[in-house]
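Below is start.tsv, holding TSV, C-alpha atoms.
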chain	number	residue	atom	x	y	z
A	45	MET	CA	-61.73	0.17	-80.45
A	46	SER	CA	-59.83	-1.41	-83.37
A	47	ARG	CA	-57.84	-4.58	-83.08
A	48	VAL	CA	-54.61	-4.38	-81.09
A	49	VAL	CA	-51.55	-6.62	-80.94
A	50	ILE	CA	-49.77	-7.17	-77.63
A	51	GLY	CA	-46.15	-8.00	-78.37
A	52	MET	CA	-44.25	-9.85	-75.67
A	53	ASP	CA	-40.54	-10.42	-75.05
A	54	PRO	CA	-40.63	-13.31	-72.54
A	55	HIS	CA	-38.00	-14.42	-70.05
A	56	LYS	CA	-38.05	-16.97	-67.25
A	57	ARG	CA	-38.90	-14.53	-64.47
A	58	SER	CA	-40.23	-11.51	-66.36
A	59	ALA	CA	-42.03	-10.45	-69.52
A	60	THR	CA	-42.02	-7.08	-71.29
A	61	ILE	CA	-45.05	-6.19	-73.41
A	62	GLU	CA	-46.05	-3.41	-75.78
A	63	VAL	CA	-49.52	-2.77	-77.19
A	64	ILE	CA	-49.90	-1.34	-80.70
A	65	ASP	CA	-52.89	-0.71	-82.91
A	66	GLU	CA	-53.28	-1.42	-86.62
A	67	ARG	CA	-51.34	1.75	-87.47
A	68	GLU	CA	-48.45	0.72	-85.17
A	69	ARG	CA	-49.25	3.44	-82.68
A	70	VAL	CA	-48.05	2.47	-79.22
A	71	LEU	CA	-50.94	2.34	-76.75
A	72	GLY	CA	-49.06	1.09	-73.71
A	73	GLN	CA	-46.01	-0.66	-72.36
A	74	GLY	CA	-45.06	-2.58	-69.24
A	75	ARG	CA	-42.75	-5.05	-67.60
A	76	TYR	CA	-44.22	-7.76	-65.39
A	77	GLY	CA	-43.03	-10.71	-63.37
A	78	THR	CA	-44.04	-14.19	-64.40
A	79	ASP	CA	-45.11	-15.19	-60.89
A	80	THR	CA	-48.81	-15.37	-60.07
A	81	ASP	CA	-49.24	-11.72	-59.11
A	82	GLY	CA	-47.19	-10.36	-62.00
A	83	TYR	CA	-48.96	-12.55	-64.53
A	84	GLN	CA	-52.40	-11.51	-63.28
A	85	ARG	CA	-51.47	-7.82	-63.53
A	86	MET	CA	-50.19	-8.33	-67.08
A	87	LEU	CA	-53.35	-10.23	-68.04
A	88	ALA	CA	-55.54	-7.49	-66.60
A	89	ALA	CA	-53.57	-4.85	-68.51
A	90	GLY	CA	-54.05	-6.74	-71.76
A	91	ARG	CA	-57.77	-7.28	-71.17
A	92	ARG	CA	-58.33	-3.54	-71.16
A	93	PHE	CA	-58.46	-3.93	-74.95
A	94	ALA	CA	-61.48	-5.85	-76.25
A	95	GLU	CA	-60.15	-6.83	-79.69
A	96	ARG	CA	-56.70	-8.16	-78.87
A	97	VAL	CA	-54.23	-10.85	-79.83
A	98	TRP	CA	-51.02	-11.70	-78.01
A	99	ALA	CA	-47.86	-12.08	-80.09
A	100	VAL	CA	-45.29	-14.02	-78.04
A	101	GLU	CA	-41.72	-14.64	-79.16
A	102	GLY	CA	-40.52	-18.24	-79.11
A	103	CYS	CA	-43.65	-20.15	-78.09
A	104	GLY	CA	-41.76	-23.36	-78.74
A	105	GLY	CA	-38.95	-22.36	-76.39
A	106	ILE	CA	-38.57	-19.68	-73.72
A	107	GLY	CA	-42.06	-18.33	-74.38
A	108	ARG	CA	-43.86	-21.66	-74.07
A	109	HIS	CA	-44.65	-21.43	-70.36
A	110	ILE	CA	-46.35	-18.06	-70.54
A	111	ALA	CA	-48.04	-18.73	-73.90
A	112	GLN	CA	-49.69	-21.85	-72.49
A	113	ARG	CA	-50.88	-19.88	-69.45
A	114	LEU	CA	-52.50	-17.35	-71.77
A	115	ILE	CA	-54.15	-20.12	-73.79
A	116	ALA	CA	-55.50	-21.68	-70.60
A	117	ASP	CA	-57.08	-18.30	-69.74
A	118	GLY	CA	-58.85	-18.13	-73.10
A	119	GLU	CA	-56.51	-15.69	-74.85
A	120	SER	CA	-55.54	-15.80	-78.54
A	121	VAL	CA	-51.77	-16.20	-78.99
A	122	LEU	CA	-49.55	-16.05	-82.07
A	123	ASP	CA	-46.07	-17.58	-82.16
A	124	VAL	CA	-43.46	-15.12	-83.46
A	125	PRO	CA	-40.12	-16.76	-84.38
A	126	ALA	CA	-37.09	-15.04	-82.90
A	127	LYS	CA	-35.49	-14.61	-86.34
A	128	LEU	CA	-38.59	-12.82	-87.59
A	129	SER	CA	-38.64	-10.30	-84.75
A	130	ALA	CA	-34.89	-9.78	-85.17
A	131	ARG	CA	-35.42	-8.78	-88.80
A	132	VAL	CA	-38.03	-6.26	-87.77
A	133	ARG	CA	-35.64	-4.79	-85.21
A	134	VAL	CA	-32.92	-4.39	-87.86
A	135	PHE	CA	-35.26	-2.46	-90.17
A	136	ASP	CA	-36.59	-0.27	-87.37
A	137	THR	CA	-35.13	3.03	-86.25
A	138	GLY	CA	-32.78	3.07	-83.27
A	139	GLN	CA	-29.68	1.51	-84.89
A	140	GLY	CA	-30.84	-2.02	-84.05
A	141	ARG	CA	-30.36	-1.63	-80.31
A	142	LYS	CA	-31.52	-4.69	-78.39
A	143	THR	CA	-33.43	-4.03	-75.20
A	144	ASP	CA	-36.52	-5.66	-73.76
A	145	PRO	CA	-38.87	-2.78	-74.80
A	146	VAL	CA	-37.37	-2.73	-78.30
A	147	ASP	CA	-37.76	-6.50	-78.58
A	148	ALA	CA	-41.39	-6.30	-77.42
A	149	HIS	CA	-42.07	-3.66	-80.08
A	150	SER	CA	-40.44	-5.81	-82.78
A	151	VAL	CA	-42.53	-8.81	-81.75
A	152	ALA	CA	-45.69	-6.72	-81.84
A	153	VAL	CA	-44.94	-5.39	-85.35
A	154	ALA	CA	-44.12	-8.89	-86.57
A	155	GLY	CA	-47.41	-10.16	-85.13
A	156	LEU	CA	-49.29	-7.34	-86.83
A	157	ARG	CA	-47.66	-7.46	-90.27
A	158	SER	CA	-46.82	-11.14	-90.80
A	159	PRO	CA	-49.61	-13.28	-92.24
A	160	GLY	CA	-49.65	-17.01	-91.54
A	161	LEU	CA	-48.10	-16.98	-88.08
A	162	ARG	CA	-48.77	-20.13	-86.10
A	163	GLN	CA	-51.76	-19.93	-83.81
A	164	VAL	CA	-50.70	-21.43	-80.49
A	165	VAL	CA	-52.98	-24.18	-79.19
A	166	ALA	CA	-53.19	-26.05	-75.92
A	167	GLU	CA	-50.64	-28.80	-75.47
A	168	ASP	CA	-51.85	-32.29	-76.40
A	169	VAL	CA	-50.57	-35.85	-76.79
A	170	THR	CA	-47.84	-34.75	-79.21
A	171	VAL	CA	-46.19	-32.88	-76.33
A	172	VAL	CA	-46.41	-36.03	-74.20
A	173	LEU	CA	-44.66	-37.99	-76.93
A	174	ARG	CA	-41.92	-35.37	-77.19
A	175	LEU	CA	-41.35	-35.39	-73.45
A	176	LEU	CA	-41.20	-39.18	-73.32
A	177	ILE	CA	-38.88	-39.55	-76.30
A	178	ASP	CA	-36.58	-36.89	-74.84
A	179	ARG	CA	-36.45	-38.93	-71.65
A	180	ARG	CA	-35.85	-42.11	-73.68
A	181	ASP	CA	-32.90	-40.45	-75.42
A	182	GLU	CA	-31.49	-39.33	-72.06
A	183	LEU	CA	-31.66	-42.93	-70.81
A	184	GLY	CA	-29.89	-44.10	-73.96
A	185	ARG	CA	-27.05	-41.65	-73.44
A	186	ALA	CA	-26.79	-42.64	-69.77
A	187	ARG	CA	-26.58	-46.31	-70.77
A	188	THR	CA	-23.81	-45.60	-73.28
A	189	GLU	CA	-21.82	-43.70	-70.67
A	190	THR	CA	-22.29	-46.44	-68.06
A	191	VAL	CA	-21.22	-49.19	-70.46
A	192	SER	CA	-18.15	-47.14	-71.41
A	193	ARG	CA	-17.13	-46.86	-67.76
A	194	ILE	CA	-17.65	-50.61	-67.28
A	195	HIS	CA	-15.43	-51.28	-70.30
A	196	HIS	CA	-12.70	-49.12	-68.80
A	197	LEU	CA	-12.76	-51.00	-65.49
A	198	LEU	CA	-12.95	-54.47	-67.06
A	199	LEU	CA	-9.90	-53.66	-69.15
A	200	GLU	CA	-7.98	-53.33	-65.87
A	201	LEU	CA	-9.55	-56.42	-64.29
A	202	ILE	CA	-9.57	-58.86	-67.24
A	203	PRO	CA	-6.76	-59.35	-69.76
A	204	GLY	CA	-7.99	-58.07	-73.12
A	205	GLY	CA	-11.07	-56.42	-71.61
A	206	ALA	CA	-14.61	-56.99	-72.91
A	207	LYS	CA	-16.20	-56.88	-76.36
A	208	LYS	CA	-17.63	-53.65	-77.73
A	209	PHE	CA	-21.36	-54.38	-77.41
A	210	LEU	CA	-21.83	-55.42	-73.80
A	211	THR	CA	-25.07	-56.42	-72.09
A	212	ARG	CA	-25.70	-56.38	-68.37
A	213	GLY	CA	-25.64	-60.19	-68.18
A	214	GLN	CA	-22.36	-60.42	-70.07
A	215	ALA	CA	-20.71	-57.77	-67.90
A	216	SER	CA	-21.90	-59.53	-64.74
A	217	TYR	CA	-20.56	-62.90	-65.98
A	218	LEU	CA	-17.17	-61.40	-66.88
A	219	LEU	CA	-16.88	-59.80	-63.47
A	220	ARG	CA	-17.76	-63.04	-61.66
A	221	THR	CA	-15.23	-65.06	-63.65
A	222	ALA	CA	-12.47	-62.45	-63.44
A	223	PRO	CA	-9.32	-63.28	-61.44
A	224	PRO	CA	-9.78	-62.55	-57.71
A	225	PRO	CA	-8.77	-58.95	-56.93
A	226	ALA	CA	-5.36	-58.66	-55.34
A	227	GLY	CA	-4.80	-55.51	-53.38
A	228	ILE	CA	-6.90	-52.53	-52.49
A	229	VAL	CA	-6.68	-50.98	-55.99
A	230	ALA	CA	-8.01	-54.06	-57.76
A	231	GLN	CA	-10.68	-54.51	-55.09
A	232	THR	CA	-11.85	-50.91	-55.57
A	233	ARG	CA	-12.07	-51.40	-59.33
A	234	HIS	CA	-14.05	-54.60	-58.76
A	235	ASP	CA	-16.49	-52.87	-56.40
A	236	LEU	CA	-16.99	-49.94	-58.79
A	237	ALA	CA	-17.63	-52.30	-61.69
A	238	ARG	CA	-20.26	-54.15	-59.64
A	239	GLU	CA	-21.92	-50.85	-58.74
A	240	LEU	CA	-21.99	-49.74	-62.39
A	241	ILE	CA	-23.50	-53.08	-63.46
A	242	ASP	CA	-26.28	-52.54	-60.92
A	243	GLU	CA	-26.84	-49.06	-62.39
A	244	LEU	CA	-26.96	-50.58	-65.87
A	245	THR	CA	-29.64	-52.99	-64.68
A	246	THR	CA	-31.76	-50.10	-63.47
A	247	ILE	CA	-31.26	-48.12	-66.67
A	248	ASP	CA	-32.20	-51.10	-68.85
A	249	ALA	CA	-35.41	-51.55	-66.86
A	250	LYS	CA	-36.30	-47.88	-67.33
A	251	ILE	CA	-35.61	-48.11	-71.06
A	252	ARG	CA	-37.92	-51.12	-71.40
A	253	ALA	CA	-40.66	-49.30	-69.51
A	254	ALA	CA	-40.22	-46.17	-71.65
A	255	ASP	CA	-40.38	-48.19	-74.89
A	256	LYS	CA	-43.56	-49.91	-73.70
A	257	HIS	CA	-45.17	-46.59	-72.79
A	258	LEU	CA	-44.26	-45.08	-76.17
A	259	HIS	CA	-45.69	-48.09	-78.01
A	260	GLN	CA	-48.98	-47.79	-76.11
A	261	LEU	CA	-49.26	-44.05	-76.77
A	262	LEU	CA	-48.57	-44.49	-80.49
A	263	ALA	CA	-51.26	-47.15	-80.72
A	264	ALA	CA	-53.75	-44.84	-78.96
A	265	TYR	CA	-52.73	-41.93	-81.20
A	266	GLY	CA	-53.50	-43.97	-84.33
A	267	SER	CA	-50.16	-43.47	-86.06
A	268	THR	CA	-49.09	-45.89	-88.79
A	269	LEU	CA	-45.54	-44.58	-89.07
A	270	THR	CA	-44.13	-47.80	-87.61
A	271	GLU	CA	-45.43	-49.61	-90.72
A	272	LEU	CA	-42.71	-47.84	-92.71
A	273	TYR	CA	-39.54	-49.92	-92.96
A	274	GLY	CA	-36.84	-48.43	-90.75
A	275	ILE	CA	-39.10	-46.57	-88.29
A	276	GLY	CA	-39.66	-48.00	-84.82
A	277	SER	CA	-41.58	-46.69	-81.85
A	278	SER	CA	-38.85	-44.25	-80.80
A	279	ALA	CA	-38.46	-42.82	-84.30
A	280	ALA	CA	-42.23	-42.46	-84.73
A	281	ALA	CA	-42.52	-40.71	-81.37
A	282	ARG	CA	-39.72	-38.31	-82.34
A	283	LEU	CA	-41.42	-37.50	-85.65
A	284	ILE	CA	-44.82	-36.83	-84.08
A	285	GLY	CA	-43.42	-35.04	-81.04
A	286	ASP	CA	-41.19	-32.64	-82.97
A	287	ILE	CA	-43.46	-32.10	-85.98
A	288	GLY	CA	-46.82	-31.90	-84.26
A	289	ASP	CA	-49.34	-30.78	-86.88
A	290	ILE	CA	-47.98	-32.03	-90.20
A	291	ARG	CA	-50.34	-29.75	-92.13
A	292	ARG	CA	-48.41	-26.70	-91.06
A	293	PHE	CA	-46.10	-27.66	-93.95
A	294	ARG	CA	-47.81	-26.66	-97.17
A	295	THR	CA	-45.86	-29.08	-99.38
A	296	ALA	CA	-43.49	-32.01	-99.09
A	297	ALA	CA	-40.70	-29.69	-100.28
A	298	HIS	CA	-41.46	-27.33	-97.40
A	299	PHE	CA	-41.19	-30.23	-94.96
A	300	ALA	CA	-37.91	-31.39	-96.51
A	301	SER	CA	-36.49	-27.89	-96.15
A	302	TRP	CA	-37.50	-27.84	-92.48
A	303	ASN	CA	-35.84	-31.16	-91.69
A	304	GLY	CA	-32.66	-30.40	-93.66
A	305	THR	CA	-32.93	-33.11	-96.34
A	306	ALA	CA	-33.50	-30.60	-99.17
A	307	PRO	CA	-30.23	-29.47	-100.76
A	308	LEU	CA	-29.33	-25.80	-100.86
A	309	GLU	CA	-28.74	-24.14	-104.23
A	310	ALA	CA	-25.18	-22.86	-104.61
A	311	SER	CA	-25.18	-21.82	-108.26
A	312	SER	CA	-23.02	-19.05	-109.66
A	313	GLY	CA	-23.08	-17.80	-113.22
A	314	ASP	CA	-23.27	-20.69	-115.64
A	315	GLN	CA	-22.41	-23.21	-112.94
A	316	HIS	CA	-25.50	-24.85	-111.46
A	317	ARG	CA	-25.00	-26.98	-108.38
A	318	HIS	CA	-26.45	-27.75	-104.97
A	319	ARG	CA	-24.74	-28.39	-101.67
A	320	LEU	CA	-25.58	-30.33	-98.53
A	321	SER	CA	-27.86	-28.50	-96.12
A	322	ARG	CA	-26.81	-28.51	-92.49
A	323	LEU	CA	-29.87	-26.52	-91.48
A	324	GLY	CA	-33.19	-27.78	-90.24
A	325	ASN	CA	-34.25	-30.04	-87.39
A	326	ARG	CA	-31.29	-32.33	-86.90
A	327	ARG	CA	-33.21	-34.82	-84.75
A	328	ILE	CA	-35.70	-35.45	-87.55
A	329	ASN	CA	-32.82	-35.53	-90.03
A	330	ARG	CA	-31.19	-38.25	-87.91
A	331	VAL	CA	-34.42	-40.30	-87.92
A	332	LEU	CA	-34.52	-40.13	-91.73
A	333	HIS	CA	-30.82	-41.03	-91.96
A	334	ILE	CA	-31.30	-44.14	-89.81
A	335	MET	CA	-34.37	-45.05	-91.87
A	336	ALA	CA	-32.30	-44.79	-95.06
A	337	ILE	CA	-29.46	-46.94	-93.69
A	338	VAL	CA	-31.88	-49.63	-92.50
A	339	GLN	CA	-33.62	-49.74	-95.89
A	340	LEU	CA	-30.28	-50.15	-97.68
A	341	ARG	CA	-29.60	-53.33	-95.68
A	342	ARG	CA	-32.64	-55.17	-97.08
A	343	ASP	CA	-34.37	-55.60	-100.42
A	344	THR	CA	-36.66	-52.59	-100.05
A	345	PRO	CA	-37.98	-49.84	-102.36
A	346	GLY	CA	-35.39	-47.59	-100.72
A	347	ARG	CA	-32.56	-49.81	-101.96
A	348	VAL	CA	-34.07	-49.83	-105.46
A	349	TYR	CA	-34.24	-46.04	-105.43
A	350	TYR	CA	-30.64	-45.81	-104.18
A	351	ARG	CA	-29.32	-48.12	-106.93
A	352	ARG	CA	-31.22	-46.19	-109.57
A	353	ARG	CA	-29.50	-43.00	-108.42
A	354	LEU	CA	-26.12	-44.73	-108.59
A	355	ALA	CA	-26.89	-45.83	-112.15
A	356	GLU	CA	-27.53	-42.19	-113.02
A	357	GLY	CA	-23.92	-41.39	-112.17
A	358	LYS	CA	-24.28	-40.10	-108.60
A	359	THR	CA	-21.71	-40.90	-105.94
A	360	THR	CA	-22.64	-43.07	-102.98
A	361	MET	CA	-23.03	-40.02	-100.71
A	362	GLU	CA	-25.12	-38.16	-103.29
A	363	ALA	CA	-27.35	-41.20	-103.74
A	364	LEU	CA	-27.77	-41.51	-99.96
A	365	ARG	CA	-28.77	-37.84	-99.70
A	366	ALA	CA	-31.25	-38.31	-102.54
A	367	LEU	CA	-32.70	-41.32	-100.71
A	368	LYS	CA	-33.13	-39.30	-97.51
A	369	ARG	CA	-34.93	-36.60	-99.51
A	370	HIS	CA	-37.18	-39.26	-101.01
A	371	LEU	CA	-37.93	-40.80	-97.61
A	372	SER	CA	-38.84	-37.34	-96.31
A	373	ASP	CA	-41.63	-37.28	-98.89
A	374	VAL	CA	-42.70	-40.81	-97.88
A	375	VAL	CA	-42.97	-39.79	-94.21
A	376	TYR	CA	-44.79	-36.58	-95.12
A	377	LYS	CA	-47.43	-38.42	-97.16
A	378	ARG	CA	-47.91	-41.06	-94.46
A	379	MET	CA	-48.41	-38.43	-91.75
A	380	LEU	CA	-50.88	-36.57	-93.97
A	381	ARG	CA	-52.81	-39.81	-94.46
A	382	ASP	CA	-52.84	-40.47	-90.72
A	383	ALA	CA	-54.10	-36.91	-90.12
A	384	ALA	CA	-56.91	-37.38	-92.63
A	385	THR	CA	-57.83	-40.78	-91.18
A	386	ALA	CA	-57.97	-39.48	-87.61
A	387	GLY	CA	-60.49	-36.81	-88.57
A	388	THR	CA	-60.32	-35.02	-85.21
A	389	GLY	CA	-58.85	-31.87	-86.67
A	390	PRO	CA	-56.83	-30.50	-89.56
A	391	GLY	CA	-53.62	-31.88	-88.09
A	392	GLY	CA	-55.00	-35.27	-87.08
A	393	HIS	CA	-55.43	-34.34	-83.41
A	394	SER	CA	-57.66	-31.97	-81.54
A	395	GLY	CA	-56.58	-28.39	-81.32
A	396	ALA	CA	-54.74	-28.26	-84.64
A	397	THR	CA	-55.08	-25.31	-86.98
A	398	LEU	CA	-54.60	-24.63	-90.65
A	399	GLN	CA	-53.10	-21.26	-89.82
A	400	SER	CA	-49.85	-22.92	-88.86
A	401	SER	CA	-46.81	-22.47	-91.09
A	402	ALA	CA	-43.22	-23.57	-90.90
A	403	GLY	CA	-40.37	-21.19	-91.36
A	404	GLY	CA	-37.19	-21.91	-93.18
A	405	PRO	CA	-35.78	-21.82	-96.70
A	406	THR	CA	-37.50	-23.76	-99.47
A	407	PRO	CA	-35.48	-26.18	-101.61
A	408	THR	CA	-35.40	-23.76	-104.55
A	409	THR	CA	-34.79	-20.46	-102.83
A	410	ALA	CA	-32.30	-19.04	-100.40
A	411	SER	CA	-34.76	-16.85	-98.54
A	412	SER	CA	-37.55	-17.78	-96.16
A	413	ASP	CA	-40.78	-19.04	-97.66
A	414	LYS	CA	-42.71	-17.21	-94.98
A	415	SER	CA	-43.94	-13.69	-95.58
A	416	GLN	CA	-41.85	-11.10	-93.81
A	417	PRO	CA	-42.87	-7.67	-92.55
A	418	GLY	CA	-41.58	-4.67	-94.43
A	419	PRO	CA	-39.39	-1.96	-92.94
A	420	ALA	CA	-41.07	-0.25	-90.03
A	421	THR	CA	-42.15	3.36	-90.54
A	422	ARG	CA	-41.97	4.12	-86.86
A	423	LYS	CA	-40.62	7.56	-86.07
A	424	PRO	CA	-38.88	8.64	-82.87
A	425	ARG	CA	-41.40	9.59	-80.20
A	426	THR	CA	-41.04	12.67	-78.10
A	427	ALA	CA	-42.92	11.12	-75.21
A	428	THR	CA	-42.92	7.60	-73.84
A	429	ALA	CA	-46.06	5.48	-73.96
A	430	PRO	CA	-48.14	5.29	-70.80
A	431	PRO	CA	-47.63	2.24	-68.58
A	432	LEU	CA	-50.41	-0.29	-68.73
A	433	ASP	CA	-50.93	-0.34	-64.98

Please render this file's structure as C-alpha cells.
Amino acid sequence: MSRVVIGMDPHKRSATIEVIDERERVLGQGRYGTDTDGYQRMLAAGRRFAERVWAVEGCGGIGRHIAQRLIADGESVLDVPAKLSARVRVFDTGQGRKTDPVDAHSVAVAGLRSPGLRQVVAEDVTVVLRLLIDRRDELGRARTETVSRIHHLLLELIPGGAKKFLTRGQASYLLRTAPPPAGIVAQTRHDLARELIDELTTIDAKIRAADKHLHQLLAAYGSTLTELYGIGSSAAARLIGDIGDIRRFRTAAHFASWNGTAPLEASSGDQHRHRLSRLGNRRINRVLHIMAIVQLRRDTPGRVYYRRRLAEGKTTMEALRALKRHLSDVVYKRMLRDAATAGTGPGGHSGATLQSSAGGPTPTTASSDKSQPGPATRKPRTATAPPLD
C-alpha cells in the first residue's frame, strides 16, 4: 500500500481524523476520545496502514498533548500550522464550511502537499526551560500585583505613602514605624498590609529559587547567550524555550521576521517605505527590546550602532528599531554557534531535525516564506468514507 497521511483536528477531549492517500482519496474517517480507550482505538485504526504519517494541527498548542503521545508510541508526526490548514479549507469545495471532518481533511491535505513541515520530536530540556520561565514570569506578575496592593494600603496608613520601588524589608520597616492604628478600619488596613508583606516574602523566595534553577539548567545546556550584554538567565531561558531548534530558521532574516523585528514593506507606486511590524513572537521581541535598552545605557557596540544610525538621519525610534533588528542577528548567530558547539544534533540538542521550518512573512515579502498547498481538486463524493473502526 502507498504512503498515507492521517490528518487530525485535535481538541481537549476528542480528535477527528481522516486518512488520505497520495492522490487525496479518502480511505477512512473517525472521531475518537482522547482518554486511554479512545486514544488506543484511534492508534489501532491508524496502524492499519503500514506506510503512514500523522499530520496534527497545532502541535505547539492544542495538539501538543496528543502529538507527544503519538511520538512516545513510535509514530511519525508532522506539525501543521492552523493558518496553513485554514488556507486549504478556503480553496477546497464546500464553501469553506468549518466542521471537525472538514478540518481533519484540510490538515491531511496540508500534510500531504506542504514540503518542509516541522517533524515533531519528543520534548526535551527546551520545554523544561519554557515551563520554568513561564512560571518565573507568573511570579513576577504576582509580585508586582502584591507590591501595588501594599502601596495602596500604606498610602492610607502613612502620610505620603511609600516610594515606587519597594522591597519587602522596606515595606516591613514602614509598617512597623507607622502611627499606631486608631479604630477598626485602620487596624484592618494594618493587618492586611502585614499579610501582604508575608506573601511578598514568600514570592521573593520562590523567585530566587526559580532564578537559581534557571541558571543551573542553562549551564548544563551549554548556552552562552548570557555572555551577550543585556541578556540574563531569564532572557536566555525565554529565547531557548520559545525558539527551540534555532536551525529551523534558514536565515537570520527569517528569524527576524518570526520575532517581529523585521520591518514590513508598505511601498506603493514610486513611494518606497517600510512600517513597524507588530507580528511575530512578542515575548522574544520584548527580550530583544530590553537587550537594546540595556546596551544603550553603556558604552557597547549596540550604542555605537545606534549612534551611527542617528548620524544617517534616522529618528530615535527608527534607530532603536534598527538596533533591535541588528541584535536579532547577533542572537541568531550566537545560538547557531552554540548549536554547532554542542554537537548533539542539528539544533544543538538531541532530537532536533533539519526538516523544521518557521512560518511567517520574510522581511522582503508580504506572503509566507513557507510553501503552500495549491487549490484542492477534491470533488463532492456521493458516498461517505468508511469509518476506521

Centre and edge lengths of an axis-aligned box around all listed atoms of stretch 274-277 of chain A, with 3 Å added on each side, are to be given in Å to one decimal, as JSON.
{"center_x": -39.2, "center_y": -47.5, "center_z": -86.3, "size_x": 10.7, "size_y": 7.9, "size_z": 14.9}

Problem set entry | Residues near A:Gly324, cut-off 8 Å, all atoms listed in the file, skip fewer than 4 positions along chain, as a PyMOL selection string | chain A and resi 301-304+329+404

Problem set entry | Coordinates-based distance that separates atom CA of A:Asp178 from atom CA of A:Ala237 (Å, one decimal) |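 Here the two named atoms are 27.7 Å from each other.
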
Problem set entry | Between atom CA of A:Asp123 and atom CA of A:Ala280 - distance in Å to one decimal | 25.3 Å

Problem set entry | Atom pair atom CA of A:Ala281 / atom CA of A:Val171: separation (Å) |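 Between these atoms lies a distance of 10.0 Å.
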
Problem set entry | Residues within 7 Å of A:Thr245, only C-alpha atoms, excluding chain neighbours under 4 positions, as a PyMOL selection string | chain A and resi 212+241+249

Problem set entry | Closest of A:Ile61, A:Thr170, A:Glu95, A:Ser46 to A:Thr143 - atom-to-atom distances counting all atoms listed in the file | A:Ile61

Exercise. Which polymer residues have any atom within 12 Å of an atom of A:Leu340, counting only C-alpha atoms, with same-chain residues fewer than 2 positions away left out, as a ChimeraX atom specification?
Worked result: /A:273-274,333-338,342-351,360,363-364,367-368

Problem set entry | Using all atoms listed in the file: which of A:Arg75, A:Arg292, A:Arg378, A:Arg131 has the shortest distance to A:Thr268 |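 That would be A:Arg378, the residue with the smallest distance to A:Thr268.
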
Exercise. Contacts of A:Arg220 at 10 Å or less, counting only C-alpha atoms, minus same-chain residues fewer than 6 places along, as number ranges by chain?
Worked result: A: 214, 234, 238

Could you list, with a cut-off of 7 Å and counting only C-alpha atoms, the residues of stretch 216-333 of chain A near stretch 188-210 of chain A, each shown with its nearest atom pair and the distance in Å rounded to one decimal, rows sorted by chain and ascending number, as a Markdown table?
| residue | atom | partner | partner_atom | distance |
| --- | --- | --- | --- | --- |
| A:Ala222 | CA | A:Ile202 | CA | 6.0 |
| A:Arg233 | CA | A:Leu197 | CA | 6.2 |
| A:Ala237 | CA | A:Ile194 | CA | 5.8 |
| A:Leu240 | CA | A:Thr190 | CA | 6.6 |
| A:Leu244 | CA | A:Thr190 | CA | 6.6 |
